[in-house]
Each structure stands twice: as C-alpha cells, then as structure tokens.
file start_23.txt (compact mmCIF, C-alpha atoms)
# COMPACT_ATOMS: atom_id res chain seq x y z
CA MET R 653 21.93 -4.04 44.74
CA THR R 654 22.90 -1.71 47.57
CA SER R 655 24.69 -3.02 50.61
CA LYS R 656 21.44 -2.47 52.52
CA SER R 657 19.54 -5.03 50.45
CA LYS R 658 22.50 -7.43 50.61
CA ILE R 659 22.42 -7.32 54.39
CA LYS R 660 18.72 -8.09 54.30
CA HIS R 661 19.15 -10.88 51.75
CA ILE R 662 21.95 -12.99 53.20
CA PRO R 663 20.40 -14.12 56.51
CA VAL R 664 17.27 -15.35 54.76
CA GLU R 665 19.26 -17.41 52.24
CA MET R 666 21.21 -18.88 55.16
CA HIS R 667 17.97 -19.72 56.95
CA ILE R 668 16.64 -21.53 53.86
CA LEU R 669 19.89 -23.41 53.30
CA SER R 670 20.07 -24.52 56.90
CA GLU R 671 16.45 -25.72 56.81
CA ASN R 672 17.24 -27.51 53.55
CA ASP R 673 20.35 -29.10 55.08
CA GLN R 674 18.29 -30.42 57.98
CA LEU R 675 15.71 -31.98 55.65
CA ALA R 676 18.51 -33.37 53.46
CA ALA R 677 20.06 -35.03 56.51
CA GLU R 678 16.66 -36.57 57.35
CA ASN R 679 16.34 -37.83 53.77
CA ARG R 680 19.86 -39.31 53.90
CA THR R 681 19.17 -41.13 57.17
CA TRP R 682 15.93 -42.52 55.79
CA PHE R 683 17.55 -43.66 52.52
CA ALA R 684 20.28 -45.43 54.54
CA SER R 685 17.68 -47.14 56.74
CA GLN R 686 16.00 -48.48 53.58
CA GLY R 687 19.28 -49.46 51.89
CA ILE R 688 18.57 -47.15 48.94
CA PHE R 689 21.58 -45.70 47.10
CA VAL R 690 20.74 -42.22 45.79
CA VAL R 691 22.45 -40.47 42.87
CA ASN R 692 21.84 -36.77 42.05
CA LEU R 693 22.55 -36.04 38.35
CA ILE R 694 23.44 -32.41 37.60
CA SER R 695 24.34 -30.70 34.29
CA SER R 696 23.48 -27.92 31.86
CA PRO R 697 20.22 -28.30 29.96
CA GLY R 698 20.71 -30.73 27.10
CA SER R 699 23.89 -32.44 28.33
CA GLY R 700 22.24 -35.84 28.08
CA LYS R 701 21.15 -36.67 31.64
CA THR R 702 17.91 -38.32 30.53
CA SER R 703 19.57 -40.26 27.70
CA LEU R 704 22.24 -41.64 30.04
CA LEU R 705 19.52 -42.48 32.56
CA VAL R 706 17.36 -44.34 30.02
CA GLU R 707 20.33 -46.49 28.91
CA THR R 708 21.33 -47.08 32.56
CA LEU R 709 17.82 -48.20 33.54
CA LYS R 710 17.64 -50.58 30.58
CA ALA R 711 21.01 -52.10 31.54
CA LEU R 712 20.04 -52.52 35.22
CA LYS R 713 16.59 -54.00 34.51
CA GLY R 714 16.17 -57.36 36.26
CA LYS R 715 19.37 -56.77 38.28
CA LEU R 716 18.49 -53.86 40.59
CA LYS R 717 15.20 -52.26 41.58
CA CYS R 718 15.42 -48.64 40.42
CA ALA R 719 13.25 -45.51 40.54
CA VAL R 720 13.66 -41.97 39.23
CA ILE R 721 12.72 -38.47 40.35
CA GLU R 722 12.72 -35.99 37.47
CA GLY R 723 13.17 -32.24 38.04
CA ASP R 724 12.21 -29.70 35.39
CA GLN R 725 10.84 -26.18 35.46
CA GLN R 726 7.97 -27.29 33.23
CA THR R 727 6.64 -30.35 31.34
CA ASP R 728 6.70 -34.07 32.07
CA LEU R 729 8.61 -34.89 28.87
CA ASP R 730 11.56 -36.48 30.68
CA ALA R 731 9.32 -38.47 33.03
CA ARG R 732 7.51 -39.86 30.00
CA ARG R 733 10.82 -40.99 28.45
CA ILE R 734 11.74 -42.72 31.72
CA ALA R 735 8.26 -44.28 32.08
CA GLU R 736 8.74 -45.98 28.70
CA THR R 737 11.45 -48.14 30.34
CA GLY R 738 8.83 -49.41 32.82
CA ILE R 739 10.71 -47.91 35.80
CA PRO R 740 8.69 -45.99 38.45
CA VAL R 741 9.16 -42.24 37.98
CA ARG R 742 7.88 -39.11 39.66
CA GLN R 743 8.08 -35.69 37.93
CA ILE R 744 8.65 -32.53 39.96
CA ASN R 745 7.92 -29.26 38.17
CA THR R 746 9.78 -26.49 39.98
CA GLY R 747 8.00 -23.61 38.22
CA GLN R 748 10.28 -20.61 38.59
CA ALA R 749 12.74 -22.39 40.90
CA CYS R 750 16.14 -23.16 39.40
CA HIS R 751 16.92 -26.33 41.42
CA LEU R 752 15.38 -29.18 43.39
CA ASP R 753 15.46 -28.99 47.19
CA ALA R 754 15.31 -31.58 49.97
CA ALA R 755 11.63 -30.92 50.76
CA MET R 756 10.63 -31.63 47.16
CA ILE R 757 12.54 -34.93 47.31
CA LYS R 758 10.88 -35.88 50.60
CA ARG R 759 7.43 -35.33 49.10
CA ALA R 760 8.26 -37.15 45.86
CA VAL R 761 9.67 -40.16 47.72
CA ASN R 762 6.44 -40.41 49.72
CA GLU R 763 4.55 -40.68 46.43
CA LEU R 764 6.86 -43.30 44.87
CA ALA R 765 6.68 -47.03 45.58
CA VAL R 766 10.06 -47.38 47.29
CA ALA R 767 9.68 -50.73 49.08
CA GLY R 768 12.69 -52.91 48.26
CA LEU R 769 14.28 -50.19 46.14
CA ASP R 770 18.04 -50.47 45.51
CA LEU R 771 18.77 -47.32 43.55
CA LEU R 772 17.09 -43.93 43.26
CA PHE R 773 18.23 -41.55 40.52
CA ILE R 774 17.39 -37.87 40.87
CA GLU R 775 17.68 -35.89 37.64
CA ASN R 776 18.03 -32.28 38.77
CA VAL R 777 16.84 -29.20 36.85
CA GLY R 778 19.17 -28.45 33.91
CA ASN R 779 21.48 -25.87 35.48
CA LEU R 780 25.17 -26.01 36.41
CA ILE R 781 24.90 -23.41 39.16
CA CYS R 782 21.98 -23.47 41.61
CA PRO R 783 21.55 -27.28 42.03
CA ALA R 784 25.15 -27.46 43.33
CA GLU R 785 24.18 -25.47 46.41
CA PHE R 786 21.25 -27.61 47.57
CA ASP R 787 21.89 -30.93 49.30
CA LEU R 788 18.98 -33.31 48.60
CA GLY R 789 20.14 -36.09 50.91
CA GLU R 790 21.72 -38.00 48.00
CA HIS R 791 24.81 -40.18 48.53
CA VAL R 792 26.63 -38.81 45.55
CA LYS R 793 26.36 -35.98 43.04
CA VAL R 794 27.33 -36.80 39.46
CA VAL R 795 28.10 -33.91 37.11
CA LEU R 796 27.71 -34.37 33.35
CA MET R 797 29.15 -32.21 30.59
CA SER R 798 28.71 -32.92 26.91
CA VAL R 799 31.60 -32.65 24.46
CA THR R 800 29.67 -29.95 22.58
CA GLU R 801 29.82 -27.56 25.55
CA GLY R 802 33.55 -26.90 25.28
CA GLU R 803 36.47 -27.79 27.53
CA GLU R 804 36.31 -24.87 29.95
CA LYS R 805 33.04 -25.51 31.79
CA PRO R 806 34.73 -26.97 34.93
CA LEU R 807 36.65 -23.71 35.38
CA LYS R 808 33.66 -21.43 34.73
CA TYR R 809 31.28 -23.39 36.99
CA PRO R 810 33.72 -24.85 39.52
CA LEU R 811 31.44 -25.58 42.49
CA ILE R 812 29.51 -28.48 41.00
CA PHE R 813 32.63 -30.02 39.47
CA HIS R 814 34.33 -29.69 42.87
CA LEU R 815 31.47 -31.38 44.74
CA ALA R 816 30.88 -34.21 42.26
CA GLY R 817 31.74 -37.81 43.15
CA ALA R 818 32.11 -38.54 39.44
CA ALA R 819 32.25 -36.45 36.27
CA VAL R 820 30.78 -37.89 33.08
CA ILE R 821 31.80 -36.48 29.70
CA THR R 822 28.84 -37.32 27.46
CA LYS R 823 28.09 -37.49 23.70
CA THR R 824 31.64 -38.67 22.94
CA ASP R 825 30.43 -39.99 19.55
CA LEU R 826 30.36 -36.34 18.39
CA ILE R 827 34.06 -35.66 19.07
CA PRO R 828 35.16 -36.30 15.43
CA HIS R 829 32.87 -33.44 14.33
CA LEU R 830 34.08 -30.92 16.93
CA ARG R 831 37.11 -28.93 17.94
CA PHE R 832 37.06 -30.49 21.43
CA ASP R 833 40.17 -31.70 23.25
CA ILE R 834 39.08 -34.25 25.86
CA LYS R 835 42.50 -34.12 27.56
CA VAL R 836 42.08 -30.37 28.15
CA ALA R 837 38.57 -30.98 29.53
CA GLU R 838 39.91 -33.65 31.91
CA SER R 839 42.76 -31.44 33.03
CA ASN R 840 40.24 -28.65 33.74
CA ILE R 841 38.15 -31.05 35.85
CA ARG R 842 41.32 -32.01 37.76
CA GLN R 843 41.99 -28.33 38.56
CA VAL R 844 38.83 -28.22 40.70
CA ASN R 845 38.49 -31.88 41.72
CA ALA R 846 41.60 -33.92 42.52
CA LYS R 847 40.13 -37.40 42.61
CA ALA R 848 36.62 -37.90 41.19
CA PRO R 849 36.66 -40.53 38.44
CA ILE R 850 36.18 -39.02 34.97
CA LEU R 851 34.05 -41.23 32.75
CA HIS R 852 33.34 -40.94 29.01
CA THR R 853 30.00 -42.06 27.63
CA SER R 854 27.92 -42.05 24.50
CA ALA R 855 24.30 -43.04 25.06
CA TYR R 856 24.07 -43.28 21.26
CA THR R 857 26.89 -45.80 20.64
CA GLN R 858 26.91 -47.23 24.21
CA ALA R 859 30.64 -46.48 24.44
CA GLY R 860 31.74 -46.18 28.06
CA MET R 861 28.49 -47.56 29.49
CA GLN R 862 30.24 -50.50 31.17
CA ASP R 863 32.65 -48.16 32.98
CA TRP R 864 29.73 -46.03 34.16
CA LEU R 865 27.72 -49.05 35.34
CA GLY R 866 30.83 -50.43 37.03
CA TRP R 867 31.39 -47.17 38.91
CA LEU R 868 27.72 -47.07 40.01
CA ASP R 869 27.97 -50.63 41.28
CA SER R 870 31.19 -50.06 43.21
CA GLU R 871 29.84 -46.86 44.81
CA ARG R 872 26.67 -48.65 45.87
CA HIS R 873 28.67 -51.46 47.49
CA ARG R 874 31.06 -48.99 49.15
CA LEU R 875 28.04 -47.29 50.73
CA SER R 876 26.42 -50.51 51.92
CA LYS R 877 29.70 -51.61 53.57
CA SER R 878 30.20 -48.26 55.32
CA SER R 879 26.64 -48.07 56.74
CA MET J 741 10.71 -25.43 52.82
CA THR J 742 7.90 -24.80 55.27
CA SER J 743 5.31 -22.16 54.53
CA LYS J 744 6.91 -20.09 57.30
CA SER J 745 10.20 -19.77 55.46
CA LYS J 746 8.37 -19.13 52.17
CA ILE J 747 6.52 -16.20 53.73
CA LYS J 748 9.82 -14.83 54.96
CA HIS J 749 11.52 -15.40 51.61
CA ILE J 750 9.11 -13.84 49.14
CA PRO J 751 9.08 -10.20 50.28
CA VAL J 752 12.88 -10.03 50.22
CA GLU J 753 13.02 -11.44 46.67
CA MET J 754 10.37 -8.91 45.66
CA HIS J 755 12.38 -6.12 47.26
CA ILE J 756 15.49 -7.13 45.36
CA LEU J 757 13.62 -7.49 42.07
CA SER J 758 11.98 -4.12 42.45
CA GLU J 759 15.32 -2.48 43.28
CA ASN J 760 16.82 -4.28 40.24
CA ASP J 761 13.95 -3.08 38.03
CA GLN J 762 14.55 0.50 39.12
CA LEU J 763 18.27 0.29 38.31
CA ALA J 764 17.47 -1.45 35.00
CA ALA J 765 15.15 1.43 34.08
CA GLU J 766 17.93 3.92 34.89
CA ASN J 767 20.37 1.90 32.73
CA ARG J 768 17.84 1.82 29.86
CA THR J 769 17.28 5.58 30.00
CA TRP J 770 21.02 6.21 30.03
CA PHE J 771 21.65 3.83 27.10
CA ALA J 772 18.92 5.60 25.10
CA SER J 773 20.42 9.03 25.90
CA GLN J 774 23.76 7.79 24.52
CA GLY J 775 22.21 6.09 21.46
CA ILE J 776 23.60 2.69 22.53
CA PHE J 777 21.67 -0.41 21.46
CA VAL J 778 22.01 -3.12 24.11
CA VAL J 779 21.58 -6.87 23.53
CA ASN J 780 21.44 -9.40 26.41
CA LEU J 781 22.50 -12.89 25.23
CA ILE J 782 21.13 -15.76 27.33
CA SER J 783 21.56 -19.54 26.98
CA SER J 784 22.68 -22.74 28.66
CA PRO J 785 26.41 -23.08 29.29
CA GLY J 786 28.15 -24.10 26.07
CA SER J 787 25.42 -23.09 23.60
CA GLY J 788 27.86 -20.92 21.69
CA LYS J 789 27.21 -17.37 22.93
CA THR J 790 30.89 -16.40 22.86
CA SER J 791 31.51 -17.99 19.44
CA LEU J 792 28.52 -16.16 17.90
CA LEU J 793 29.72 -12.96 19.56
CA VAL J 794 33.29 -13.28 18.24
CA GLU J 795 32.02 -13.79 14.66
CA THR J 796 29.56 -10.90 15.06
CA LEU J 797 32.24 -8.51 16.32
CA LYS J 798 34.54 -9.46 13.45
CA ALA J 799 31.75 -8.82 10.94
CA LEU J 800 30.83 -5.44 12.46
CA LYS J 801 34.41 -4.18 12.78
CA GLY J 802 34.84 -0.83 11.03
CA LYS J 803 31.04 -0.50 10.62
CA LEU J 804 29.76 -0.07 14.19
CA LYS J 805 31.49 0.74 17.48
CA CYS J 806 30.87 -2.24 19.76
CA ALA J 807 31.71 -3.26 23.33
CA VAL J 808 31.02 -6.37 25.39
CA ILE J 809 30.23 -7.18 29.02
CA GLU J 810 30.97 -10.82 29.87
CA GLY J 811 29.23 -12.57 32.77
CA ASP J 812 30.62 -15.79 34.25
CA GLN J 813 30.71 -17.32 37.70
CA GLN J 814 34.49 -17.63 37.45
CA THR J 815 37.40 -17.02 35.01
CA ASP J 816 38.05 -14.38 32.36
CA LEU J 817 38.33 -16.96 29.56
CA ASP J 818 35.46 -15.50 27.53
CA ALA J 819 36.67 -11.93 27.99
CA ARG J 820 40.08 -12.99 26.66
CA ARG J 821 38.46 -14.52 23.56
CA ILE J 822 36.57 -11.26 22.97
CA ALA J 823 39.67 -9.12 23.64
CA GLU J 824 41.46 -10.94 20.79
CA THR J 825 39.04 -9.23 18.37
CA GLY J 826 40.29 -5.84 19.61
CA ILE J 827 36.84 -4.89 20.96
CA PRO J 828 36.61 -3.33 24.47
CA VAL J 829 35.39 -5.91 26.98
CA ARG J 830 34.71 -5.98 30.69
CA GLN J 831 34.44 -9.29 32.60
CA ILE J 832 32.06 -9.64 35.54
CA ASN J 833 32.61 -12.66 37.80
CA THR J 834 29.40 -13.31 39.68
CA GLY J 835 30.92 -15.79 42.17
CA GLN J 836 28.00 -17.82 43.51
CA ALA J 837 25.35 -15.72 41.74
CA CYS J 838 23.55 -17.42 38.87
CA HIS J 839 22.80 -14.31 36.78
CA LEU J 840 23.88 -10.74 36.06
CA ASP J 841 21.85 -7.89 37.60
CA ALA J 842 21.33 -4.24 36.70
CA ALA J 843 23.75 -2.95 39.36
CA MET J 844 26.58 -5.09 37.94
CA ILE J 845 25.88 -3.67 34.47
CA LYS J 846 25.85 -0.09 35.81
CA ARG J 847 29.28 -0.59 37.41
CA ALA J 848 30.73 -2.35 34.34
CA VAL J 849 29.50 0.38 31.98
CA ASN J 850 31.22 3.00 34.16
CA GLU J 851 34.50 1.12 33.65
CA LEU J 852 34.12 0.71 29.87
CA ALA J 853 34.96 3.38 27.30
CA VAL J 854 31.45 3.95 25.99
CA ALA J 855 31.81 7.33 24.25
CA GLY J 856 30.39 7.04 20.73
CA LEU J 857 29.39 3.42 21.27
CA ASP J 858 26.71 2.01 18.91
CA LEU J 859 26.19 -1.48 20.27
CA LEU J 860 26.76 -3.11 23.65
CA PHE J 861 26.52 -6.91 23.92
CA ILE J 862 25.98 -8.44 27.34
CA GLU J 863 26.79 -12.15 27.53
CA ASN J 864 24.92 -13.38 30.59
CA VAL J 865 25.97 -16.25 32.87
CA GLY J 866 25.33 -19.62 31.18
CA ASN J 867 21.92 -20.50 32.62
CA LEU J 868 18.47 -20.74 30.99
CA ILE J 869 16.58 -19.98 34.20
CA CYS J 870 17.76 -17.21 36.54
CA PRO J 871 18.97 -14.62 33.95
CA ALA J 872 15.45 -14.53 32.49
CA GLU J 873 14.11 -12.95 35.68
CA PHE J 874 16.55 -10.02 35.91
CA ASP J 875 16.11 -7.00 33.66
CA LEU J 876 19.51 -5.40 33.00
CA GLY J 877 18.19 -2.39 31.10
CA GLU J 878 18.89 -4.05 27.74
CA HIS J 879 16.75 -3.29 24.70
CA VAL J 880 16.35 -6.90 23.72
CA LYS J 881 17.02 -10.35 25.12
CA VAL J 882 18.27 -12.97 22.66
CA VAL J 883 18.00 -16.63 23.63
CA LEU J 884 20.32 -19.19 22.07
CA MET J 885 19.91 -22.95 21.99
CA SER J 886 22.32 -25.30 20.28
CA VAL J 887 21.13 -28.18 18.11
CA THR J 888 22.88 -30.61 20.48
CA GLU J 889 20.58 -29.68 23.38
CA GLY J 890 17.47 -31.32 21.93
CA GLU J 891 14.22 -29.88 20.61
CA GLU J 892 12.29 -29.59 23.88
CA LYS J 893 14.25 -26.87 25.70
CA PRO J 894 11.70 -24.09 24.91
CA LEU J 895 8.97 -26.12 26.64
CA LYS J 896 11.08 -27.04 29.67
CA TYR J 897 12.46 -23.50 30.20
CA PRO J 898 9.61 -21.41 28.78
CA LEU J 899 10.19 -18.03 30.48
CA ILE J 900 13.35 -17.03 28.62
CA PHE J 901 12.00 -18.25 25.27
CA HIS J 902 8.81 -16.27 25.96
CA LEU J 903 10.69 -13.05 26.79
CA ALA J 904 13.21 -13.23 23.94
CA GLY J 905 13.09 -10.78 21.03
CA ALA J 906 14.86 -13.37 18.89
CA ALA J 907 15.74 -17.05 19.27
CA VAL J 908 18.94 -18.31 17.68
CA ILE J 909 19.41 -22.03 17.00
CA THR J 910 23.20 -22.46 16.99
CA LYS J 911 25.75 -25.08 15.82
CA THR J 912 23.57 -26.02 12.84
CA ASP J 913 26.63 -27.59 11.14
CA LEU J 914 26.24 -30.51 13.58
CA ILE J 915 22.67 -31.41 12.50
CA PRO J 916 23.78 -34.19 10.09
CA HIS J 917 25.39 -36.00 13.05
CA LEU J 918 22.38 -35.73 15.39
CA ARG J 919 18.83 -36.92 15.79
CA PHE J 920 17.56 -33.32 15.92
CA ASP J 921 14.45 -32.09 14.09
CA ILE J 922 14.76 -28.33 13.63
CA LYS J 923 11.07 -28.04 12.66
CA VAL J 924 10.06 -29.56 16.01
CA ALA J 925 12.41 -27.14 17.82
CA GLU J 926 10.88 -24.20 15.95
CA SER J 927 7.36 -25.36 16.68
CA ASN J 928 8.27 -25.65 20.39
CA ILE J 929 9.60 -22.07 20.37
CA ARG J 930 6.33 -20.95 18.72
CA GLN J 931 4.33 -22.56 21.55
CA VAL J 932 5.81 -20.07 24.03
CA ASN J 933 6.61 -17.12 21.74
CA ALA J 934 4.26 -16.25 18.88
CA LYS J 935 6.40 -13.82 16.95
CA ALA J 936 10.12 -13.65 17.78
CA PRO J 937 12.20 -14.34 14.69
CA ILE J 938 13.91 -17.74 14.79
CA LEU J 939 17.39 -17.64 13.31
CA HIS J 940 19.77 -20.51 12.49
CA THR J 941 23.51 -20.02 12.77
CA SER J 942 26.79 -21.86 12.65
CA ALA J 943 29.75 -19.85 13.91
CA TYR J 944 31.92 -22.61 12.41
CA THR J 945 30.63 -22.49 8.79
CA GLN J 946 29.23 -18.91 9.01
CA ALA J 947 25.85 -20.22 7.80
CA GLY J 948 23.05 -17.88 8.86
CA MET J 949 25.38 -15.07 9.94
CA GLN J 950 23.95 -12.62 7.39
CA ASP J 951 20.40 -13.20 8.70
CA TRP J 952 21.58 -12.63 12.27
CA LEU J 953 23.50 -9.46 11.36
CA GLY J 954 20.49 -8.24 9.36
CA TRP J 955 18.17 -8.77 12.32
CA LEU J 956 20.58 -6.92 14.67
CA ASP J 957 20.74 -4.01 12.23
CA SER J 958 16.98 -3.73 11.78
CA GLU J 959 16.38 -3.90 15.56
CA ARG J 960 18.94 -1.17 16.14
CA HIS J 961 17.28 1.08 13.57
CA ARG J 962 13.81 0.32 14.91
CA LEU J 963 15.00 1.45 18.35
CA SER J 964 16.63 4.65 17.12
CA LYS J 965 13.44 5.59 15.22
CA SER J 966 11.21 4.96 18.25
CA SER J 967 13.36 6.97 20.70

call {"tool": "encode", "arguments": {"input": "start_23.txt", "output": "structure tokens"}}
result
Amino acid sequence: MTSKSKIKHIPVEMHILSENDQLAAENRTWFASQGIFVVNLISSPGSGKTSLLVETLKALKGKLKCAVIEGDQQTDLDARRIAETGIPVRQINTGQACHLDAAMIKRAVNELAVAGLDLLFIENVGNLICPAEFDLGEHVKVVLMSVTEGEEKPLKYPLIFHLAGAAVITKTDLIPHLRFDIKVAESNIRQVNAKAPILHTSAYTQAGMQDWLGWLDSERHRLSKSS
Amino acid sequence: MTSKSKIKHIPVEMHILSENDQLAAENRTWFASQGIFVVNLISSPGSGKTSLLVETLKALKGKLKCAVIEGDQQTDLDARRIAETGIPVRQINTGQACHLDAAMIKRAVNELAVAGLDLLFIENVGNLICPAEFDLGEHVKVVLMSVTEGEEKPLKYPLIFHLAGAAVITKTDLIPHLRFDIKVAESNIRQVNAKAPILHTSAYTQAGMQDWLGWLDSERHRLSKSS
C-alpha cells in the first residue's frame, strides 16, 4: 500500500473503532444493570473453545442461568453443540468479517431470553488477531491456546494475551504425545501479561475444570461487589 | 456499525484491495519472468506451517534453490527456525495487521537474494480468515489444518479452503490420540473445493512427505510449461 492509501485508511478504522467502543460501553452498562457477567472467549480456530464451553455449561446447570452467543464466519455447528446442553444460544455468522463487534452483540442479546440471566458466554470467531481489537462490552476476555499450537503463540500474537483476564491452556491430555513444554508456554504468557491467572484444562479428561469454574465464580462475585 | 459507517467503510476497503491486486499482478509477472514458483501457506496459528516448511527445505536442499518469507505479527522465531536450515529467509512483522499484502512481499523480495531462485515459500500470518482475501502474487495458495483442530474447519472458514490449490491435513501422527475422523474432514473440504488434492502429513514421523514433495514438483512443472 502507498502512504496515500494508508492516510485514507486510518481515519476510517478509527471512526469504526470509536463507534464500536461507544456501543460496547452501552452494552457493558446494560449488562451491569441486569447483573449479567459476560465472558468473551478468544482463540485460534480449533483450540477448544466450544468443548470447554459445553463442559462448563453442563457443570453450571441448575446453579447459574447461562446463555451463549456463538460467532463463526459460517455454519451453526457450534450453536447446535451448545443447544444440545439445553442452554439458550444465538449464532452470529459474520460472513467475511474476522471478528464479532459490539453491534452484533447488541442485536443478538435482543434476540436471546436474558431475563434473570447470570452469565453470558460469547465465543468469538476463531482468530487470535482481529477479535482482540474489538471491545464487545464484556467484563473479561479469556484467551485459550491448545498444547498442540506450540509454546510461542503468546509472543507471536501478544495483544490478546496482554488483554486477557485469564489464559487457558487447553487439551492438556495430549501433552504426553507432544514436544510441548508447558513451563515455557507459561513463561511466554508472563512476558506479555504479568498477572492473569494461567489455567490448564482438558475438556476430555475434565482435568483442571474445577480451577476454571472456581476462577469464573470468583470473577463473577468480584464484579457484583464492585458494581 | 450503522449503515452510515458501512457506506464510508466499503469504498476504502475496495480501494485497498484493488491497489493490492495491482501490486500482486506485478509480483506475479515478475516471479514468472524469473522462473520462480511461489507458494503461499495459510492456516490457523499452530497448524504446523513452519514445521512442514523446515522438513520441505531439508528435503529439497541440493535439488532446488529455495527461499522463504515469514509473516508474523511479532517476533522472528519462525525466521530463526528456517535460518537453521541454511535457506535464505526474510521476516515480515505485520504489527497489528492480520495478513500479509502484496506490497510487503514486493519489499521483502527486494531484500532477498533471489537470483537463480526456483521456489519461494511465503508463510502467511497464522489466521484462516484475512490472508484468504489478499492476493500476494503467489502461484498457489496451500491451506493447512491440523488434526487437532477438528473436522469442521473447512465449513466454518470456507473461503480459504475454496481458494486453495491443495489442502494439507497436518500432525497425522496424533490421530490415534484424538476423536478425529479424517474422512469427515476430507468430505468437508470437498464441500467447498471440488478438486484440490488433499494431502496428509506428519512433520514428526515424515509420513506423507513424499506425496507433498511430489505435488509441489508437479505444480512447479505445470507452471513452467504454461508460462
């Protein structure tokens, strides 16, 4: 791109981001007024967001009222997996877009039954880059990386790891079959994020699920005390 | 986003794409004039692009003159892995950008020693969405998906699987440890791409490497005959 097209491009992106930020702030205020804790799950495609979500929803059933917004470029495959748990779910297909935005969330929330809801999970489009830049009005971003992706992802895609309130290393049951050093992965996360808890989970063996559920619960109570 | 900001946004994106397409066409013409076959590798983060590339470069050493352009948001970790093979490599850090573009490739090629080069590999930023939309002037796009990502990725991210000249299913050594049905994955690729060869590889066990190298060789010869 020439500098001419860059000069043209930047103000428009800024305009869109600022409009998105305003809508995200409106979403956040509304969620707070309803007492809904909102978690935005972000990872590469295939890191196990939906699997973690399905196990989380099963564990919380009867304890908290949950709902899910699913973001994908195409298909309602993930929404169907969530629907099997009996939890209300709304699929957003972004078409060519590489991330969810605050306006999409506002529309989806209007179409979900949210009365009395405690917890809303947003599963973003599988992408470590673009979703990091768009505030949806969530209370916390959670980044996932699977053990099969290698240790260096936090350094190569630092923004989302920097912004995350928690980092979940998934598919830990596969570690014995890989050359993956979880201590190196954790140290790489620490290079871009000094304090977010780092959790280890396997949706397959259920290892680490109690730590993850415990973190969710403490974050939700922290929010309700501060608002 | 309101319709107002959409109307503002679209012409600028079109302008950038059309400028990119023009530069990509110039790159393609120049590559053809030099007899350089150019492959653009695209996948999610952690699908094994660099590992496949390292094994490919080792196998081609002494047979073909290769070079590599590495795209990442941050770090030169992948370029260092490639450099260990002794093959010329140039790292592009895209910063916030979620894909390589034709102008970046033009600049990187100017900085690489390309005299007498047979094969240039471009490893795009780890992202199944945005890189699909930007022509770099390559001769063929290759999409990779690892067996750990699940069978449905071609349906959820159809554009890149549709555009690819070959689809490589990687990390096949892990299949015994997963609930992954390779026939379902292949059938999903076929739903969006009727004819691209589907290859299976494991950079760890070397399984499928001969098929992959054979495909690369036949594509390179097909190109040189048609130009």

call {"tool": "residues_around", "arguments": {"input": "start_23.txt", "residues": "stretch 682-685 of chain R", "least_positions_apart": "4", "cutoff": "10 Å", "atoms": "all atoms listed in the file", "output": "ChimeraX atom specification"}}
result
/R:676-678,689-690,758,761,766,769-772,789-791,875-876,879

call {"tool": "closest_atom_pairs", "arguments": {"input": "start_23.txt", "of": "chain R", "to": "chain J", "cutoff": "8 Å", "atoms": "all atoms listed in the file", "output": "CSV"}}
result
residue,atom,partner,partner_atom,distance
R:Met653,CA,J:Ala843,CA,5.8
R:Ser657,CA,J:Ile756,CA,6.8
R:Lys660,CA,J:Val752,CA,7.4
R:His661,CA,J:Val752,CA,6.5
R:Val664,CA,J:His749,CA,6.6
R:His667,CA,J:Ser745,CA,7.9
R:Ile668,CA,J:Ser745,CA,6.9
R:Glu671,CA,J:Met741,CA,7.0
R:Asn672,CA,J:Met741,CA,6.9
R:Ser696,CA,J:Ser784,CA,6.1
R:Pro697,CA,J:Ser784,CA,6.2
R:Gly698,CA,J:Glu889,CA,3.9
R:Ser699,CA,J:Glu889,CA,6.6
R:Gly700,CA,J:Glu889,CA,7.9
R:Asp724,CA,J:Lys896,CA,6.4
R:Gln725,CA,J:Lys896,CA,5.9
R:Gln726,CA,J:Lys896,CA,4.7
R:Thr727,CA,J:Lys896,CA,5.8
R:Gln748,CA,J:Ile869,CA,7.7
R:Cys750,CA,J:Ile869,CA,6.1
R:Ala755,CA,J:Met741,CA,5.9
R:Asn779,CA,J:Asn867,CA,6.1
R:Leu780,CA,J:Asn867,CA,7.4
R:Ile781,CA,J:Cys838,CA,6.1
R:Cys782,CA,J:Cys838,CA,6.8
R:Thr800,CA,J:Gly786,CA,7.0
R:Glu801,CA,J:Gly786,CA,3.9
R:Gly802,CA,J:Gly786,CA,6.1
R:Lys805,CA,J:Pro785,CA,7.5
R:Leu807,CA,J:Thr815,CA,6.7
R:Lys808,CA,J:Gln814,CA,4.7
R:Tyr809,CA,J:Gln813,CA,6.1
R:Pro810,CA,J:Gln814,CA,7.6
R:Leu826,CA,J:His917,CA,7.3
R:His829,CA,J:Leu914,CA,7.3

call {"tool": "residues_near_point", "arguments": {"input": "start_23.txt", "point": "(43.6, -29.3, 36.7)", "cutoff": "12 Å", "atoms": "only C-alpha atoms", "output": "VMD selection string"}}
result
chain R and resid 803 to 804 806 to 807 810 813 to 814 835 to 848

call {"tool": "atom_distance", "arguments": {"input": "start_23.txt", "atom1": "atom CA of R:Ala819", "atom2": "atom CA of R:Val795"}}
result
4.9 Å

call {"tool": "atom_distance", "arguments": {"input": "start_23.txt", "atom1": "atom CA of J:Phe920", "atom2": "atom CA of R:Ile850"}}
result
27.2 Å

call {"tool": "atom_distance", "arguments": {"input": "start_23.txt", "atom1": "atom CA of R:Thr702", "atom2": "atom CA of J:Lys881"}}
result
28.5 Å

call {"tool": "closest_residue", "arguments": {"input": "start_23.txt", "among": "R:Asn762, R:Thr737, R:Thr822, R:Asn692", "to": "R:Ala711", "atoms": "all atoms listed in the file"}}
result
R:Thr737

call {"tool": "closest_residue", "arguments": {"input": "start_23.txt", "among": "R:Ile734, R:Leu815, R:Val820, R:Ile757", "to": "R:Ala784", "atoms": "only C-alpha atoms"}}
result
R:Leu815

call {"tool": "closest_residue", "arguments": {"input": "start_23.txt", "among": "R:Ala765, R:Ala816, R:Val794, R:Ala859", "to": "R:Lys717", "atoms": "only C-alpha atoms"}}
result
R:Ala765

call {"tool": "closest_residue", "arguments": {"input": "start_23.txt", "among": "R:Ile812, R:Pro740, R:His873, R:Thr853", "to": "R:Glu707", "atoms": "only C-alpha atoms"}}
result
R:Thr853

call {"tool": "closest_residue", "arguments": {"input": "start_23.txt", "among": "J:Gly775, J:Arg960, J:Glu863, J:Ala823", "to": "J:Lys798", "atoms": "only C-alpha atoms"}}
result
J:Ala823
